[in-house]
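K.L.:
Handing over target23.txt, compact mmCIF, C-alpha atoms.
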# COMPACT_ATOMS: atom_id res chain seq x y z
CA MET O 1 0.94 -20.87 48.01
CA THR O 2 4.52 -20.13 46.99
CA ILE O 3 5.57 -16.84 45.44
CA TRP O 4 5.81 -18.57 42.00
CA GLN O 5 2.25 -19.84 42.26
CA ALA O 6 1.16 -16.29 43.14
CA LEU O 7 2.98 -14.99 40.06
CA TYR O 8 0.96 -17.41 37.92
CA VAL O 9 -2.14 -15.56 39.12
CA ILE O 10 -0.80 -11.98 39.16
CA VAL O 11 1.13 -11.95 35.87
CA PRO O 12 -1.79 -13.04 33.60
CA ILE O 13 -4.12 -10.50 35.25
CA ALA O 14 -1.51 -7.74 34.83
CA MET O 15 -0.97 -8.77 31.21
CA VAL O 16 -4.70 -8.72 30.43
CA LEU O 17 -4.98 -5.23 31.99
CA ALA O 18 -1.93 -4.00 30.04
CA VAL O 19 -3.27 -5.37 26.74
CA LEU O 20 -6.68 -3.82 27.44
CA GLY O 21 -5.02 -0.48 28.19
CA ILE O 22 -2.98 -0.58 24.98
CA TYR O 23 -6.04 -1.59 22.93
CA TYR O 24 -8.07 1.20 24.52
CA ALA O 25 -5.35 3.75 23.63
CA TYR O 26 -5.29 2.38 20.07
CA CYS O 27 -9.09 2.59 19.75
CA SER O 28 -9.11 6.18 21.07
CA ALA O 29 -6.43 7.21 18.58
CA GLN O 30 -8.29 5.45 15.76
CA LEU O 31 -11.58 7.10 16.69
CA PHE O 32 -9.95 10.51 16.55
CA ARG O 33 -8.39 9.65 13.19
CA LEU O 34 -11.70 8.39 11.80
CA ARG O 35 -13.56 11.51 12.89
CA ARG O 36 -11.00 13.77 11.17
CA TYR O 37 -10.91 11.47 8.14
CA GLU O 38 -14.67 11.78 7.79
CA TYR O 39 -14.56 15.56 8.31
CA TRP O 40 -11.87 16.25 5.69
CA SER O 41 -13.20 13.80 3.13
CA ASP O 42 -16.68 15.36 3.46
CA LYS O 43 -15.11 18.76 2.82
CA PHE O 44 -13.17 17.41 -0.14
CA TYR O 45 -16.20 15.79 -1.82
CA ALA O 46 -18.42 18.81 -1.13
CA ALA O 47 -15.85 21.15 -2.70
CA ALA O 48 -15.08 18.85 -5.64
CA LYS O 49 -18.70 18.39 -6.72
CA PRO O 50 -19.34 21.93 -8.12
CA ILE O 51 -16.00 21.87 -9.95
CA VAL O 52 -16.76 18.51 -11.58
CA GLN O 53 -20.19 19.81 -12.57
CA CYS O 54 -18.68 22.95 -14.12
CA ALA O 55 -18.56 22.36 -17.88
CA ASP O 56 -15.40 24.37 -18.54
CA ALA O 57 -13.26 23.06 -15.67
CA PRO O 58 -9.75 22.64 -17.09
CA LYS O 59 -8.02 19.31 -17.52
CA VAL O 60 -5.43 19.94 -14.79
CA VAL O 61 -8.11 20.58 -12.19
CA ILE O 62 -10.12 17.52 -13.17
CA HIS O 63 -6.97 15.39 -13.01
CA LEU O 64 -6.13 16.88 -9.62
CA ILE O 65 -9.54 15.84 -8.30
CA GLU O 66 -9.19 12.43 -9.93
CA SER O 67 -5.76 11.88 -8.34
CA LEU O 68 -6.91 12.91 -4.90
CA ASN O 69 -10.02 10.75 -5.23
CA GLU O 70 -7.82 7.78 -6.06
CA ILE O 71 -5.43 8.18 -3.13
CA ILE O 72 -8.02 9.15 -0.52
CA ARG O 73 -8.57 5.54 0.58
CA SER O 74 -5.06 4.25 -0.02
CA ARG O 75 -3.24 2.95 3.06
CA MET O 76 0.01 4.18 1.50
CA ALA O 77 -1.27 7.74 1.07
CA PRO O 78 0.27 9.25 4.26
CA THR O 79 3.69 7.80 3.43
CA ALA O 80 3.45 9.08 -0.14
CA VAL O 81 2.44 12.57 1.04
CA THR O 82 5.39 12.63 3.45
CA GLU O 83 7.88 11.48 0.81
CA VAL O 84 6.77 13.97 -1.83
CA PHE O 85 6.45 17.03 0.38
CA ARG O 86 9.58 16.28 2.37
CA SER O 87 11.66 16.20 -0.80
CA ASN O 88 10.04 19.48 -1.88
CA ILE O 89 10.84 21.10 1.46
CA GLU O 90 14.37 19.74 1.64
CA SER O 91 15.28 21.01 -1.81
CA PRO O 92 13.61 24.43 -1.89
CA GLN O 93 13.18 25.79 -5.36
CA SER O 94 14.15 29.32 -6.26
CA ASP O 95 11.45 31.89 -6.94
CA GLN O 96 12.30 31.58 -10.59
CA ASP O 97 11.63 27.82 -10.61
CA LEU O 98 8.32 28.35 -8.87
CA GLN O 99 6.95 30.56 -11.62
CA PRO O 100 4.33 28.32 -13.16
CA LYS O 101 3.99 27.70 -16.82
CA ARG O 102 1.10 29.88 -17.87
CA ASP O 103 -1.91 27.69 -18.51
CA GLU O 104 -4.32 29.79 -20.57
CA GLU O 105 -7.17 27.34 -20.04
CA PHE O 106 -6.69 27.52 -16.29
CA VAL O 107 -6.42 31.30 -16.23
CA ALA O 108 -9.62 31.58 -18.28
CA PHE O 109 -11.38 29.19 -15.89
CA CYS O 110 -10.28 31.29 -12.91
CA GLU O 111 -11.53 34.46 -14.53
CA ARG O 112 -14.86 32.96 -15.51
CA ASN O 113 -15.51 31.17 -12.22
CA PRO O 114 -14.13 33.22 -9.33
CA GLU O 115 -16.68 31.58 -6.99
CA LEU O 116 -14.98 28.20 -7.55
CA MET O 117 -11.54 29.37 -6.39
CA ALA O 118 -12.41 28.74 -2.75
CA ASN O 119 -13.59 25.25 -3.73
CA LEU O 120 -10.32 24.61 -5.54
CA GLU O 121 -8.32 25.61 -2.50
CA THR O 122 -10.48 23.39 -0.29
CA VAL O 123 -10.06 20.49 -2.72
CA VAL O 124 -6.25 20.65 -2.42
CA HIS O 125 -6.09 21.16 1.33
CA ALA O 126 -8.94 18.86 2.33
CA GLY O 127 -7.92 16.18 -0.18
CA LEU O 128 -4.35 16.00 1.09
CA LEU O 129 -5.44 16.14 4.74
CA ALA O 130 -8.05 13.42 4.21
CA ALA O 131 -5.39 11.27 2.51
CA SER O 132 -3.10 11.82 5.52
CA TYR O 133 -5.85 10.37 7.74
CA ALA O 134 -6.34 7.30 5.54
CA SER O 135 -4.05 5.24 7.75
CA ILE O 136 -2.83 5.54 11.32
CA LEU O 137 0.69 4.72 10.20
CA GLY O 138 2.65 7.75 9.06
CA GLY O 139 -0.34 10.08 9.37
CA SER O 140 1.14 12.36 12.02
CA GLN O 141 4.33 12.73 10.04
CA ALA O 142 2.40 13.49 6.85
CA ARG O 143 0.40 16.20 8.61
CA ALA O 144 3.56 17.71 10.10
CA ILE O 145 5.06 17.95 6.61
CA LEU O 146 1.78 19.32 5.20
CA ALA O 147 1.65 21.99 7.93
CA ASP O 148 5.16 23.00 6.93
CA ALA O 149 4.29 23.00 3.22
CA PHE O 150 1.01 24.91 3.70
CA SER O 151 2.75 27.52 5.86
CA GLU O 152 5.41 27.92 3.22
CA MET O 153 2.70 28.44 0.59
CA GLN O 154 0.94 30.94 2.82
CA THR O 155 4.09 33.05 3.16
CA ARG O 156 4.36 33.18 -0.63
CA ARG O 157 0.66 33.69 -1.12
CA PHE O 158 0.85 37.15 -2.65
CA LYS O 159 4.17 36.67 -4.36
CA LEU O 160 3.98 33.54 -6.38
CA ARG O 161 1.71 30.84 -7.59
CA ASP O 162 2.44 27.46 -6.05
CA VAL O 163 2.96 24.43 -8.10
CA LEU O 164 1.92 21.15 -6.55
CA ASP O 165 2.76 17.92 -8.19
CA VAL O 166 0.09 15.53 -6.98
CA GLN O 167 1.01 13.00 -9.63
CA GLU O 168 3.98 11.87 -7.60
CA VAL O 169 1.82 11.38 -4.50
CA ALA O 170 -0.67 9.33 -6.48
CA GLU O 171 2.06 7.25 -8.11
CA LYS O 172 3.71 6.44 -4.80
CA ALA O 173 0.39 5.53 -3.23
CA HIS O 174 -0.94 3.50 -6.12
CA ARG O 175 2.15 2.60 -8.12
CA SER O 176 0.25 3.54 -11.23
CA GLY O 177 1.00 6.18 -13.80
CA GLY O 178 -1.23 8.07 -16.15
CA LEU O 179 -1.75 11.14 -14.02
CA VAL O 180 -0.53 14.49 -15.17
CA PRO O 181 1.38 17.09 -13.18
CA LEU O 182 -1.10 19.41 -11.64
CA ILE O 183 -0.91 23.09 -11.17
CA THR O 184 -2.78 24.77 -8.37
CA LEU O 185 -3.00 28.50 -8.49
CA ARG O 186 -3.19 30.22 -5.18
CA MET V 1 17.82 -11.86 78.76
CA ALA V 2 19.97 -12.33 75.63
CA ASN V 3 18.86 -15.98 75.20
CA ARG V 4 15.15 -15.14 75.35
CA ILE V 5 13.16 -16.43 72.33
CA VAL V 6 10.98 -13.75 70.81
CA GLU V 7 7.43 -14.86 69.99
CA PRO V 8 6.88 -14.44 66.25
CA GLY V 9 3.33 -13.18 66.70
CA PRO V 10 0.08 -13.98 64.87
CA TRP V 11 1.02 -12.31 61.55
CA VAL V 12 4.03 -14.48 60.94
CA ASP V 13 1.97 -17.56 61.81
CA ALA V 14 -0.65 -16.50 59.26
CA VAL V 15 1.99 -15.91 56.58
CA GLU V 16 3.49 -19.34 57.28
CA ARG V 17 0.05 -20.92 56.97
CA ILE V 18 -0.99 -19.34 53.65
CA GLY V 19 2.50 -19.01 52.18
CA LEU V 20 4.32 -15.95 50.85
CA GLY V 21 2.51 -16.11 47.51
CA GLY V 22 -0.86 -16.29 49.23
CA THR V 23 0.08 -13.26 51.32
CA VAL V 24 1.00 -11.22 48.23
CA VAL V 25 -2.28 -12.22 46.51
CA LEU V 26 -4.23 -11.44 49.68
CA ILE V 27 -2.65 -7.98 50.03
CA LEU V 28 -3.34 -7.17 46.36
CA ALA V 29 -6.92 -8.43 46.70
CA LEU V 30 -7.38 -6.25 49.81
CA PHE V 31 -6.04 -3.22 47.91
CA ALA V 32 -8.39 -3.94 44.98
CA GLY V 33 -11.34 -4.44 47.34
CA THR V 34 -10.61 -1.22 49.22
CA ALA V 35 -10.21 0.72 45.96
CA PHE V 36 -13.53 -0.67 44.76
CA LEU V 37 -15.27 0.29 47.98
CA LEU V 38 -13.84 3.82 47.95
CA ARG V 39 -13.99 4.59 44.20
CA GLY V 40 -16.38 1.89 42.94
CA PRO V 41 -18.65 4.07 40.76
CA ALA V 42 -15.67 5.87 39.18
CA LEU V 43 -14.00 2.53 38.42
CA LEU V 44 -17.16 1.10 36.89
CA ASN V 45 -17.54 4.29 34.87
CA SER V 46 -14.00 3.91 33.53
CA VAL V 47 -14.63 0.28 32.57
CA ASN V 48 -17.84 1.34 30.88
CA GLY V 49 -15.95 4.08 29.00
CA ILE V 50 -13.33 1.59 27.82
CA ILE V 51 -15.97 -0.85 26.54
CA ASN V 52 -17.90 1.96 24.84
CA THR V 53 -14.76 3.28 23.13
CA ILE V 54 -13.86 -0.19 21.83
CA LEU V 55 -17.38 -0.85 20.53
CA LYS V 56 -17.68 2.64 19.03
CA HIS V 57 -14.37 2.19 17.27
CA ARG V 58 -15.60 -1.01 15.59
CA ARG V 59 -18.88 0.64 14.58
CA GLU V 60 -17.36 3.91 13.32
CA ASN V 61 -14.55 2.19 11.45
CA LYS V 62 -17.11 0.30 9.37
CA ARG V 63 -19.48 3.24 8.88
CA ILE V 64 -16.87 5.86 7.92
CA ASN V 65 -14.96 3.59 5.56
CA GLU V 66 -18.18 2.59 3.81
CA LYS V 67 -19.29 6.22 3.58
CA ILE V 68 -16.00 7.37 2.04
CA ALA V 69 -15.92 4.39 -0.34
CA SER V 70 -19.41 5.29 -1.52
CA LYS V 71 -18.49 8.97 -2.03
CA GLN V 72 -15.34 7.92 -3.84
CA ALA V 73 -17.35 5.69 -6.18
CA ASN V 74 -19.88 8.49 -6.80
CA LEU V 75 -17.17 11.00 -7.72
CA LYS V 76 -15.49 8.42 -9.94
CA THR V 77 -18.80 7.85 -11.72
CA ALA V 78 -19.30 11.62 -12.14
CA LEU V 79 -15.79 11.97 -13.59
CA GLU V 80 -16.36 9.08 -15.99
CA ALA V 81 -19.73 10.51 -17.05
CA ARG V 82 -17.98 13.81 -17.69
CA LYS V 83 -15.45 12.06 -19.94
CA ARG V 84 -18.22 10.19 -21.78
CA ASN V 85 -20.02 13.47 -22.40
CA GLY V 86 -16.91 14.78 -24.10
CA ARG V 87 -16.03 17.37 -21.53
CA LYS V 88 -12.44 18.25 -20.69
CA GLY V 89 -10.47 15.98 -18.40
Could you quickly redo this structure as structure tokens?
P.N.:
Amino acid sequence: MTIWQALYVIVPIAMVLAVLGIYYAYCSAQLFRLRRYEYWSDKFYAAAKPIVQCADAPKVVIHLIESLNEIIRSRMAPTAVTEVFRSNIESPQSDQDLQPKRDEEFVAFCERNPELMANLETVVHAGLLAASYASILGGSQARAILADAFSEMQTRRFKLRDVLDVQEVAEKAHRSGGLVPLITLR
Amino acid sequence: MANRIVEPGPWVDAVERIGLGGTVVLILALFAGTAFLLRGPALLNSVNGIINTILKHRRENKRINEKIASKQANLKTALEARKRNGRKG
């Protein structure tokens, strides 16, 4: 047997092992993603249910839930999350710009249903995180940007109310309009 | 003394007989065999783990996507029912 004939035996075996190794790594990464995807989407749906059932939930909150529900299974969702939040981080708004327009309906809802505030916060966080796990492509980057954005919000927690525009995320993921800008009070 | 022919020995004869390629394959096969003898159960366990991960991935991918699709449809229905009932949103 010449060395070339030996290579005909060794190279295919090495290639099969390499492909198997790569596929195994891919499956492990996907399994992790799926587990987190299930976890965050369960949290999102559990938190959204009482709000949807609440008769006086304001329009902005219902549209927020609707938007997140639309993007949660979109393959483009992680990319859209990255694009929207990156542009927000790169062009930080002044404190003045971040003062939300006072939404009387929303304020009244918050005052009447303080027990739903935790649900609202979970809806935003879990919805965006679940969307970031919708696809393996771009997911890590989306979560890095979300970590940055959430930390930024946390530092402002007692100073300002944060305004999140989920419409842009939904439009980028779905290329469809009709969703309103959404205000999330912290 | 200087003109003395050195005997190549049995190893070189064997290599000449099976060829260089055969020798490489034989050495690799011996390594694989030795590894299997020394760490056989661990190797089989690894292979088993790889197969389980691949099969679990196929199973979970289907189950989780179906579960989320169903929850998504349920919430969509609830939101539409809310609109039909004349509530806000």
K.L.:
Using all atoms listed in the file, select each residue of chain V with any atom at most 7 Å away from an atom of chain O, and give the selection as a list in words.
P.N.:
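Residues of chain V within 7 Å of chain O, counting all atoms listed in the file: Ile18, Gly19, Leu20, Gly21, Gly22, Val25, Ile50, Thr53, Ile54, His57, Asn61, Ile64, Gln72, Leu79, Arg87, Lys88 and Gly89 of chain V.
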K.L.:
Hey, can you check how far CA of Ile89 in chain O sits from CA of Glu152 in chain O?
P.N.:
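These atoms are spaced 8.9 Å apart.
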K.L.:
Would you mind reading off the distance between CA of Ile22 in chain O and CA of Ala29 in chain V, one decimal, in Å?
P.N.:
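One can read the CA of Ile22 in chain O to CA of Ala29 in chain V distance as 23.4 Å.
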K.L.:
Between CA of Phe44 in chain O and CA of Thr122 in chain O, measure the distance and give it in Å to one decimal.
P.N.:
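Interatomic distance, CA of Phe44 in chain O to CA of Thr122 in chain O: 6.6 Å.
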K.L.:
Just so I have it separately, write chain V from the block I sent, keeping C-alpha atoms, as a JSON list (two decimals), in the first residue's frame.
P.N.:
[["chain", "number", "residue", "atom", "x", "y", "z"],
["V", 1, "MET", "CA", 35.20, -2.33, 8.17],
["V", 2, "ALA", "CA", 34.04, 0.72, 6.18],
["V", 3, "ASN", "CA", 32.72, -1.43, 3.30],
["V", 4, "ARG", "CA", 30.62, -3.64, 5.56],
["V", 5, "ILE", "CA", 26.93, -3.82, 4.53],
["V", 6, "VAL", "CA", 24.60, -3.20, 7.44],
["V", 7, "GLU", "CA", 21.68, -5.63, 7.69],
["V", 8, "PRO", "CA", 18.45, -3.64, 7.45],
["V", 9, "GLY", "CA", 16.71, -5.73, 10.09],
["V", 10, "PRO", "CA", 13.20, -7.23, 10.27],
["V", 11, "TRP", "CA", 11.33, -3.91, 10.63],
["V", 12, "VAL", "CA", 12.53, -2.51, 7.35],
["V", 13, "ASP", "CA", 11.69, -5.81, 5.64],
["V", 14, "ALA", "CA", 8.16, -5.62, 7.06],
["V", 15, "VAL", "CA", 7.74, -2.01, 5.91],
["V", 16, "GLU", "CA", 8.94, -2.96, 2.43],
["V", 17, "ARG", "CA", 6.46, -5.82, 2.34],
["V", 18, "ILE", "CA", 3.33, -3.88, 3.41],
["V", 19, "GLY", "CA", 4.37, -0.52, 1.96],
["V", 20, "LEU", "CA", 4.70, 2.88, 3.65],
["V", 21, "GLY", "CA", 0.96, 3.51, 3.47],
["V", 22, "GLY", "CA", 0.21, 0.15, 5.06],
["V", 23, "THR", "CA", 2.67, 0.95, 7.84],
["V", 24, "VAL", "CA", 0.97, 4.29, 8.59],
["V", 25, "VAL", "CA", -2.48, 2.62, 8.62],
["V", 26, "LEU", "CA", -1.14, -0.18, 10.82],
["V", 27, "ILE", "CA", 0.39, 2.25, 13.34],
["V", 28, "LEU", "CA", -2.85, 4.28, 13.50],
["V", 29, "ALA", "CA", -4.89, 1.09, 13.90],
["V", 30, "LEU", "CA", -2.57, -0.03, 16.71],
["V", 31, "PHE", "CA", -2.99, 3.35, 18.44],
["V", 32, "ALA", "CA", -6.79, 3.13, 18.08],
["V", 33, "GLY", "CA", -6.80, -0.45, 19.36],
["V", 34, "THR", "CA", -4.62, 0.41, 22.35],
["V", 35, "ALA", "CA", -6.77, 3.44, 23.17],
["V", 36, "PHE", "CA", -9.87, 1.27, 23.00],
["V", 37, "LEU", "CA", -8.34, -1.34, 25.27],
["V", 38, "LEU", "CA", -7.21, 1.25, 27.83],
["V", 39, "ARG", "CA", -10.17, 3.67, 27.72],
["V", 40, "GLY", "CA", -12.85, 1.56, 26.00],
["V", 41, "PRO", "CA", -15.78, 2.28, 28.36],
["V", 42, "ALA", "CA", -15.04, 6.02, 28.40],
["V", 43, "LEU", "CA", -14.86, 6.08, 24.59],
["V", 44, "LEU", "CA", -18.13, 4.19, 24.25],
["V", 45, "ASN", "CA", -19.68, 6.54, 26.78],
["V", 46, "SER", "CA", -18.58, 9.54, 24.71],
["V", 47, "VAL", "CA", -20.01, 8.03, 21.52],
["V", 48, "ASN", "CA", -23.24, 7.32, 23.38],
["V", 49, "GLY", "CA", -23.31, 10.93, 24.62],
["V", 50, "ILE", "CA", -22.82, 12.26, 21.09],
["V", 51, "ILE", "CA", -25.64, 10.11, 19.69],
["V", 52, "ASN", "CA", -27.95, 11.07, 22.58],
["V", 53, "THR", "CA", -27.24, 14.78, 22.10],
["V", 54, "ILE", "CA", -27.98, 14.57, 18.37],
["V", 55, "LEU", "CA", -31.23, 12.64, 18.90],
["V", 56, "LYS", "CA", -32.30, 14.89, 21.78],
["V", 57, "HIS", "CA", -31.67, 17.95, 19.66],
["V", 58, "ARG", "CA", -34.00, 16.64, 16.93],
["V", 59, "ARG", "CA", -36.69, 15.76, 19.48],
["V", 60, "GLU", "CA", -36.47, 18.99, 21.49],
["V", 61, "ASN", "CA", -36.34, 21.19, 18.41],
["V", 62, "LYS", "CA", -39.69, 19.82, 17.29],
["V", 63, "ARG", "CA", -41.31, 19.84, 20.73],
["V", 64, "ILE", "CA", -40.24, 23.34, 21.80],
["V", 65, "ASN", "CA", -41.08, 24.97, 18.48],
["V", 66, "GLU", "CA", -44.52, 23.36, 18.49],
["V", 67, "LYS", "CA", -45.10, 24.39, 22.11],
["V", 68, "ILE", "CA", -44.18, 28.03, 21.46],
["V", 69, "ALA", "CA", -46.23, 28.10, 18.24],
["V", 70, "SER", "CA", -49.23, 26.85, 20.18],
["V", 71, "LYS", "CA", -48.77, 29.43, 22.96],
["V", 72, "GLN", "CA", -48.33, 32.14, 20.35],
["V", 73, "ALA", "CA", -51.58, 31.12, 18.65],
["V", 74, "ASN", "CA", -53.40, 31.04, 22.01],
["V", 75, "LEU", "CA", -52.25, 34.55, 22.94],
["V", 76, "LYS", "CA", -53.16, 35.80, 19.47],
["V", 77, "THR", "CA", -56.64, 34.33, 19.89],
["V", 78, "ALA", "CA", -56.98, 35.95, 23.34],
["V", 79, "LEU", "CA", -55.91, 39.33, 21.92],
["V", 80, "GLU", "CA", -58.38, 39.01, 19.04],
["V", 81, "ALA", "CA", -61.17, 38.01, 21.42],
["V", 82, "ARG", "CA", -60.33, 41.05, 23.50],
["V", 83, "LYS", "CA", -60.67, 43.27, 20.42],
["V", 84, "ARG", "CA", -63.96, 41.62, 19.46],
["V", 85, "ASN", "CA", -65.30, 42.26, 22.96],
["V", 86, "GLY", "CA", -64.61, 45.94, 22.48],
["V", 87, "ARG", "CA", -61.85, 46.22, 25.01],
["V", 88, "LYS", "CA", -58.90, 48.56, 24.54],
["V", 89, "GLY", "CA", -56.07, 47.53, 22.25]]
